[in-house]
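What follows is a set of notes on a single structure, which appears directly below.
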Amino acid sequence: MTTKKLWGGRFKGTTNEFVESFTASVHFDSRLAEVDARCSQAHAKTLLTADILSQTEYEEIVDGLDKIIEDIQSGDFLWDQSLEDVHMNIEARLIEMIGEPGQKLHTARSRNDQVSSAFKLFLLESGDELRDALLTLQEGLLDKADAHTHTIMPGFTHLQNAQPITFGHHLMAWFEMFDRDLARLADWHGRTNSSPMGSAALAGTSYPIDRRVFQTAMGFHSITRNSLDTVSDRDYAIEFVAVLSTLMMHLSRCCEEVILWMSPAFGFISLPDELCTGSSIMPQKKNPDVAELIRGKSGRVIGHLNGLLMLMKGQPLAYNRDNQEDKEAVFDALDTTLQCVNAMALLVSGISPNPSRMLELASQGHPTATDMADWLVRHGIAFRSAHEICGKAVSLANQRNVELHELELAELKDLCDSFEDSVFDCLTLEGSVAARNHPGGTAPEVVAEAINAARARLVAQSHSEEA
Ligand code: ARG
């Protein structure tokens, strides 16, 4: 049986059954129920302040909504698809419970400013949850990096051995990506934190309400500046998913490395059994499926970003029902990303490097050729010539099937008279890493400083959140 529509006055016919289910959103937007009910309490306060509600009516509404919130929390609230969405379900239930005062609640508002308010608040809270998960991941990275400031591994460009780095330095590179994600999240948070209520359907409201009452009650930092823009705008959803997409892209790159590193061809790391899965046919297999799934799910989140942009690009101002399509994409992007951040934290804590294998591969392919060129520069040769000379040294070493440091001094002197015995000191992996001891470099003591500084920033950040 179809419940009477709250908007039914001008209609003679009843809604087609298919249309009713096609237009309904309550099966997904009921996720906004609690925040929507709290918004309605704050809106009632606006109406009280504007003398649209009496004190008694106001209290009946607030108490009724408290009861509704309890029912939502306990799962006792009965959702009715014929009431379309979360907003109409809650309003209809309130009217059923308290009668006349409930009928006044929708004064000076529309579902258009209502949905945006609830959605923004939901996302702001979810953003905080995501930030906390990211901070936990970052702490895990710091702990792991701290244990490996001296562990040498090959650094790659083009996936070819480039120069030696430390494993701690590599993990701190991951840390930096997530630091930028946190900064983007904070930036988005600031821009999203303005209150839509009072914009009503599109043009504002003819009632003498004070928009600051709702803003303050719900903890928004400001009120939006243009009613038409306010009900049309879904930038906050798009930007949120853009932040998530960038974060997922980072997670995906980290996971790609985990997968490579765990492959026996690299053999850089192992993961504990409890974080891996097996093959249904090949008894020997131990696969990094968690990392692969994170990599796979990044495509899903990035797809949602594209979907949201497509959703909005053709819409004239102001509100159009298309907007209702935003929620499933955002919810799924949020849930997926949160899950993946937590999964990544597990992976990071489980990573157990194999330093001897890392060192073995780091030694191959003349990774200290740049150090040899730098040595020549320090002995008066211009870098471009030094590069040429060392390129020849590499070619000679390849011919003889030895590493650079295994060439004879005489052979080097044939290439450039400036070479002396001391060049061999800078051709070791340890020497190469230690030489890069400027801020941002891979030298163990610099990485240790970077870890300490990052830890101090994390502590300061969590204190400022508590304040
Ligand atoms: N459920 C809608 C949404 O999610 C809000 C309702 C606005 N509907 C309307 N006919 N103006 O966007």
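Identifiers for the structure tokens are assigned positionally: chains receive A, B, ... in sequence, residues are indexed from 1 per chain, and ligands are indexed from 1 in the order shown.
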Give me, as an mmCIF file with N, CA and C atoms, in the first residue's frame, the set of residues whose atoms come within 8 Å of any atom of ligand 1, counting only C-alpha atoms and all ligand atoms.
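What follows is the written file selection.cif:
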data_model
loop_
_atom_site.group_PDB
_atom_site.id
_atom_site.type_symbol
_atom_site.label_atom_id
_atom_site.label_comp_id
_atom_site.auth_asym_id
_atom_site.auth_seq_id
_atom_site.Cartn_x
_atom_site.Cartn_y
_atom_site.Cartn_z
ATOM 1 N N ALA A 24 12.785 6.363 -5.897
ATOM 2 C CA ALA A 24 13.095 6.269 -4.463
ATOM 3 C C ALA A 24 14.600 6.209 -4.214
ATOM 4 N N SER A 25 15.009 6.790 -3.106
ATOM 5 C CA SER A 25 16.423 6.739 -2.718
ATOM 6 C C SER A 25 16.609 6.260 -1.291
ATOM 7 N N VAL A 26 15.476 5.965 -0.623
ATOM 8 C CA VAL A 26 15.593 5.688 0.811
ATOM 9 C C VAL A 26 16.441 4.452 1.100
ATOM 10 N N ASP A 29 19.854 6.412 0.901
ATOM 11 C CA ASP A 29 20.106 7.654 1.639
ATOM 12 C C ASP A 29 19.665 7.579 3.098
ATOM 13 N N GLU A 84 9.684 7.918 -0.672
ATOM 14 C CA GLU A 84 10.828 8.353 -1.472
ATOM 15 C C GLU A 84 12.176 8.294 -0.794
ATOM 16 N N ASP A 85 12.403 9.291 0.093
ATOM 17 C CA ASP A 85 13.769 9.431 0.582
ATOM 18 C C ASP A 85 13.810 9.543 2.099
ATOM 19 N N VAL A 86 14.992 9.661 2.606
ATOM 20 C CA VAL A 86 15.200 9.707 4.058
ATOM 21 C C VAL A 86 14.474 10.900 4.678
ATOM 22 N N HIS A 87 14.475 12.022 3.972
ATOM 23 C CA HIS A 87 13.892 13.248 4.534
ATOM 24 C C HIS A 87 12.391 13.106 4.740
ATOM 25 N N SER A 110 13.560 23.403 2.205
ATOM 26 C CA SER A 110 13.204 22.515 1.109
ATOM 27 C C SER A 110 14.090 21.287 1.254
ATOM 28 N N ARG A 111 13.717 20.210 0.596
ATOM 29 C CA ARG A 111 14.635 19.069 0.634
ATOM 30 C C ARG A 111 15.955 19.409 -0.061
ATOM 31 N N ASN A 112 15.921 20.472 -0.868
ATOM 32 C CA ASN A 112 17.146 20.811 -1.604
ATOM 33 C C ASN A 112 18.245 21.353 -0.685
ATOM 34 N N GLN A 114 18.024 20.867 2.538
ATOM 35 C CA GLN A 114 18.085 19.829 3.573
ATOM 36 C C GLN A 114 19.087 18.730 3.202
ATOM 37 N N VAL A 115 18.982 18.245 1.960
ATOM 38 C CA VAL A 115 19.844 17.120 1.565
ATOM 39 C C VAL A 115 21.313 17.558 1.536
ATOM 40 N N SER A 116 21.540 18.790 1.094
ATOM 41 C CA SER A 116 22.912 19.254 1.011
ATOM 42 C C SER A 116 23.511 19.409 2.410
ATOM 43 N N ALA A 201 14.393 26.059 -1.593
ATOM 44 C CA ALA A 201 14.362 25.320 -2.866
ATOM 45 C C ALA A 201 15.442 25.820 -3.810
ATOM 46 N N TYR A 319 18.708 22.981 -8.496
ATOM 47 C CA TYR A 319 18.631 21.554 -8.185
ATOM 48 C C TYR A 319 17.944 20.766 -9.296
ATOM 49 N N ASN A 320 18.479 19.598 -9.610
ATOM 50 C CA ASN A 320 17.825 18.619 -10.478
ATOM 51 C C ASN A 320 17.912 17.259 -9.798
ATOM 52 N N ARG A 321 16.970 16.422 -10.131
ATOM 53 C CA ARG A 321 16.902 15.138 -9.446
ATOM 54 C C ARG A 321 18.119 14.266 -9.743
ATOM 55 N N ASP A 322 18.813 14.585 -10.835
ATOM 56 C CA ASP A 322 20.056 13.860 -11.141
ATOM 57 C C ASP A 322 20.938 13.745 -9.882
ATOM 58 N N ASN A 323 20.900 14.833 -9.099
ATOM 59 C CA ASN A 323 21.808 14.914 -7.939
ATOM 60 C C ASN A 323 21.682 13.728 -6.989
ATOM 61 N N GLN A 324 20.494 13.143 -6.981
ATOM 62 C CA GLN A 324 20.275 12.014 -6.082
ATOM 63 C C GLN A 324 21.249 10.863 -6.379
ATOM 64 N N GLU A 325 21.756 10.853 -7.604
ATOM 65 C CA GLU A 325 22.705 9.803 -8.021
ATOM 66 C C GLU A 325 24.088 9.967 -7.384
ATOM 67 N N ASP A 326 24.303 11.073 -6.682
ATOM 68 C CA ASP A 326 25.636 11.308 -6.111
ATOM 69 C C ASP A 326 25.956 10.373 -4.952
ATOM 70 N N LYS A 327 24.912 9.977 -4.212
ATOM 71 C CA LYS A 327 25.188 9.360 -2.909
ATOM 72 C C LYS A 327 25.818 7.976 -2.982
#
message: Quick check for you: according to DSSP on this backbone, which residues of stretch 92-283 of chain A are classed as alpha helix (DSSP H)? Reply as a count of residues only.
response: 115
message: Need the shell around A:Pro196: protein/DNA/RNA residues with any atom at most 6 Å away, counting only C-alpha atoms. Skip same-chain ones fewer than 6 positions apart. Format as number ranges by chain?
response: A: 113, 117, 224, 230
Could those residues be written to a file, using all heavy atoms, as a tab-separated table (two decimals), in the first residue's frame?
chain	number	residue	atom	x	y	z
A	113	ASP	N	17.88	22.24	0.25
A	113	ASP	CA	18.91	22.67	1.21
A	113	ASP	C	19.09	21.63	2.31
A	113	ASP	O	20.16	21.49	2.89
A	113	ASP	CB	18.67	24.09	1.77
A	113	ASP	CG	17.30	24.29	2.40
A	113	ASP	OD1	16.45	23.37	2.32
A	113	ASP	OD2	17.08	25.38	2.96
A	117	SER	N	22.70	19.90	3.35
A	117	SER	CA	23.19	20.06	4.72
A	117	SER	C	23.56	18.72	5.33
A	117	SER	O	24.64	18.54	5.90
A	117	SER	CB	22.12	20.72	5.59
A	117	SER	OG	21.78	21.98	5.06
A	224	THR	N	26.64	29.52	3.44
A	224	THR	CA	26.93	29.68	2.01
A	224	THR	C	26.43	31.06	1.54
A	224	THR	O	25.56	31.66	2.17
A	224	THR	CB	26.24	28.59	1.18
A	224	THR	OG1	24.83	28.65	1.45
A	224	THR	CG2	26.77	27.21	1.53
A	230	THR	N	24.02	27.17	-3.87
A	230	THR	CA	24.04	26.23	-2.76
A	230	THR	C	23.30	24.93	-3.09
A	230	THR	O	23.79	23.84	-2.82
A	230	THR	CB	23.42	26.88	-1.51
A	230	THR	OG1	24.17	28.05	-1.20
A	230	THR	CG2	23.42	25.93	-0.33
Compile a residue-level contact table for stretch 343-452 of chain A against stretch 246-255 of chain A at a cut-off of 10 Å, reporting for every qualifying residue the shortest atom pair and its distance in Å to one decimal, with only C-alpha atoms counted, rows ordered by chain and ascending number, as CSV.
residue,atom,partner,partner_atom,distance
A:Ala343,CA,A:Leu251,CA,9.9
A:Met344,CA,A:Leu251,CA,7.3
A:Leu347,CA,A:Cys255,CA,9.0
A:Val348,CA,A:Cys254,CA,9.8
task: Could you check how far atom CA of A:Glu129 sits from atom CA of A:Val35, in Å to one decimal?
output: 15.5 Å
message: Residues near A:Leu141, anyone? I mean within 9 Å using only C-alpha atoms, not counting same-chain ones fewer than 3 positions away, as a ChimeraX atom specification.
response: /A:136-138,144-146,168,171-172,174-175,345,348-349
Please produce an output containing all heavy atoms for each residue in the selection, written as an mmCIF file, in the first residue's frame.
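selection-v1.cif written:
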data_model
loop_
_atom_site.group_PDB
_atom_site.id
_atom_site.type_symbol
_atom_site.label_atom_id
_atom_site.label_comp_id
_atom_site.auth_asym_id
_atom_site.auth_seq_id
_atom_site.Cartn_x
_atom_site.Cartn_y
_atom_site.Cartn_z
ATOM 1 N N THR A 136 46.887 6.609 11.414
ATOM 2 C CA THR A 136 47.325 5.297 11.911
ATOM 3 C C THR A 136 48.262 4.634 10.895
ATOM 4 O O THR A 136 49.303 4.066 11.272
ATOM 5 C CB THR A 136 46.098 4.386 12.163
ATOM 6 O OG1 THR A 136 45.222 5.080 13.054
ATOM 7 C CG2 THR A 136 46.497 3.065 12.759
ATOM 8 N N LEU A 137 47.899 4.722 9.628
ATOM 9 C CA LEU A 137 48.765 4.172 8.577
ATOM 10 C C LEU A 137 50.130 4.865 8.619
ATOM 11 O O LEU A 137 51.184 4.218 8.527
ATOM 12 C CB LEU A 137 48.091 4.354 7.213
ATOM 13 C CG LEU A 137 48.942 4.103 5.963
ATOM 14 C CD1 LEU A 137 49.501 2.676 5.946
ATOM 15 C CD2 LEU A 137 48.131 4.346 4.685
ATOM 16 N N GLN A 138 50.113 6.170 8.772
ATOM 17 C CA GLN A 138 51.375 6.918 8.800
ATOM 18 C C GLN A 138 52.243 6.523 10.001
ATOM 19 O O GLN A 138 53.457 6.404 9.867
ATOM 20 C CB GLN A 138 51.086 8.417 8.850
ATOM 21 C CG GLN A 138 50.710 9.001 7.499
ATOM 22 C CD GLN A 138 50.761 10.518 7.528
ATOM 23 O OE1 GLN A 138 50.265 11.132 8.459
ATOM 24 N NE2 GLN A 138 51.358 11.123 6.534
ATOM 25 N N LYS A 144 58.050 1.371 10.871
ATOM 26 C CA LYS A 144 58.778 0.472 9.970
ATOM 27 C C LYS A 144 60.015 1.185 9.401
ATOM 28 O O LYS A 144 61.099 0.601 9.335
ATOM 29 C CB LYS A 144 57.821 0.032 8.846
ATOM 30 C CG LYS A 144 58.249 -1.103 7.973
ATOM 31 C CD LYS A 144 58.446 -2.446 8.653
ATOM 32 C CE LYS A 144 57.201 -3.071 9.235
ATOM 33 N NZ LYS A 144 57.346 -4.450 9.671
ATOM 34 N N ALA A 145 59.855 2.451 9.040
ATOM 35 C CA ALA A 145 60.981 3.205 8.469
ATOM 36 C C ALA A 145 62.098 3.344 9.505
ATOM 37 O O ALA A 145 63.288 3.229 9.173
ATOM 38 C CB ALA A 145 60.506 4.577 7.994
ATOM 39 N N ASP A 146 61.699 3.576 10.747
ATOM 40 C CA ASP A 146 62.654 3.741 11.847
ATOM 41 C C ASP A 146 63.563 2.519 11.983
ATOM 42 O O ASP A 146 64.759 2.634 12.250
ATOM 43 C CB ASP A 146 61.839 3.912 13.143
ATOM 44 C CG ASP A 146 62.517 4.906 14.060
ATOM 45 O OD1 ASP A 146 63.545 5.469 13.663
ATOM 46 O OD2 ASP A 146 62.001 5.092 15.179
ATOM 47 N N GLY A 168 64.223 2.683 4.641
ATOM 48 C CA GLY A 168 63.546 3.719 5.434
ATOM 49 C C GLY A 168 63.186 4.923 4.574
ATOM 50 O O GLY A 168 62.098 5.491 4.704
ATOM 51 N N LEU A 171 60.144 4.055 2.463
ATOM 52 C CA LEU A 171 58.883 4.076 3.221
ATOM 53 C C LEU A 171 58.472 5.516 3.550
ATOM 54 O O LEU A 171 57.281 5.847 3.577
ATOM 55 C CB LEU A 171 59.024 3.251 4.502
ATOM 56 C CG LEU A 171 59.198 1.747 4.272
ATOM 57 C CD1 LEU A 171 59.428 1.036 5.608
ATOM 58 C CD2 LEU A 171 57.983 1.129 3.571
ATOM 59 N N MET A 172 59.467 6.370 3.775
ATOM 60 C CA MET A 172 59.146 7.772 4.053
ATOM 61 C C MET A 172 58.627 8.492 2.802
ATOM 62 O O MET A 172 57.917 9.496 2.910
ATOM 63 C CB MET A 172 60.361 8.497 4.641
ATOM 64 C CG MET A 172 60.658 8.097 6.087
ATOM 65 S SD MET A 172 59.208 8.297 7.179
ATOM 66 C CE MET A 172 59.164 10.088 7.314
ATOM 67 N N TRP A 174 56.532 7.027 0.799
ATOM 68 C CA TRP A 174 55.101 6.694 0.926
ATOM 69 C C TRP A 174 54.431 7.640 1.924
ATOM 70 O O TRP A 174 53.339 8.157 1.678
ATOM 71 C CB TRP A 174 54.920 5.251 1.422
ATOM 72 C CG TRP A 174 55.276 4.177 0.449
ATOM 73 C CD1 TRP A 174 55.814 4.323 -0.805
ATOM 74 C CD2 TRP A 174 55.113 2.770 0.649
ATOM 75 N NE1 TRP A 174 56.007 3.097 -1.383
ATOM 76 C CE2 TRP A 174 55.583 2.118 -0.519
ATOM 77 C CE3 TRP A 174 54.628 1.984 1.690
ATOM 78 C CZ2 TRP A 174 55.569 0.732 -0.661
ATOM 79 C CZ3 TRP A 174 54.617 0.602 1.559
ATOM 80 C CH2 TRP A 174 55.085 -0.024 0.394
ATOM 81 N N PHE A 175 55.114 7.824 3.053
ATOM 82 C CA PHE A 175 54.580 8.687 4.105
ATOM 83 C C PHE A 175 54.232 10.069 3.542
ATOM 84 O O PHE A 175 53.176 10.629 3.845
ATOM 85 C CB PHE A 175 55.615 8.817 5.227
ATOM 86 C CG PHE A 175 55.183 9.683 6.380
ATOM 87 C CD1 PHE A 175 54.617 9.118 7.516
ATOM 88 C CD2 PHE A 175 55.345 11.062 6.333
ATOM 89 C CE1 PHE A 175 54.210 9.917 8.577
ATOM 90 C CE2 PHE A 175 54.944 11.871 7.386
ATOM 91 C CZ PHE A 175 54.382 11.292 8.505
ATOM 92 N N ALA A 345 47.492 -0.385 6.240
ATOM 93 C CA ALA A 345 48.161 -0.313 7.541
ATOM 94 C C ALA A 345 48.564 -1.722 7.996
ATOM 95 O O ALA A 345 49.657 -1.933 8.533
ATOM 96 C CB ALA A 345 47.248 0.359 8.568
ATOM 97 N N VAL A 348 51.574 -2.809 5.888
ATOM 98 C CA VAL A 348 52.807 -2.140 6.308
ATOM 99 C C VAL A 348 53.360 -2.799 7.566
ATOM 100 O O VAL A 348 54.557 -3.088 7.666
ATOM 101 C CB VAL A 348 52.560 -0.627 6.532
ATOM 102 C CG1 VAL A 348 53.713 0.018 7.274
ATOM 103 C CG2 VAL A 348 52.349 0.066 5.189
ATOM 104 N N SER A 349 52.474 -3.081 8.522
ATOM 105 C CA SER A 349 52.981 -3.689 9.760
ATOM 106 C C SER A 349 53.502 -5.097 9.496
ATOM 107 O O SER A 349 54.376 -5.585 10.208
ATOM 108 C CB SER A 349 51.894 -3.685 10.845
ATOM 109 O OG SER A 349 50.931 -4.661 10.526
#
- prompt: Which residue gives the smallest distance to A:Phe122 among A:Asp187, A:Glu96, A:Asp63, A:Asp36, with only C-alpha atoms counted?
  reply: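 Of the candidates, the smallest distance to A:Phe122 is held by A:Asp36.
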message: Nearest residue to A:Trp79 out of A:Leu338, A:Cys39, A:Ser30, A:Thr107, using only C-alpha atoms?
response: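 The shortest atom-to-atom distance to A:Trp79 comes from A:Ser30.
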Residue with smallest distance to A:Glu125 - pool A:Leu458, A:Leu293, A:Phe220, A:Phe424, counting only C-alpha atoms: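 Looking only at the distances to A:Glu125, the closest residue turns out to be A:Phe220.
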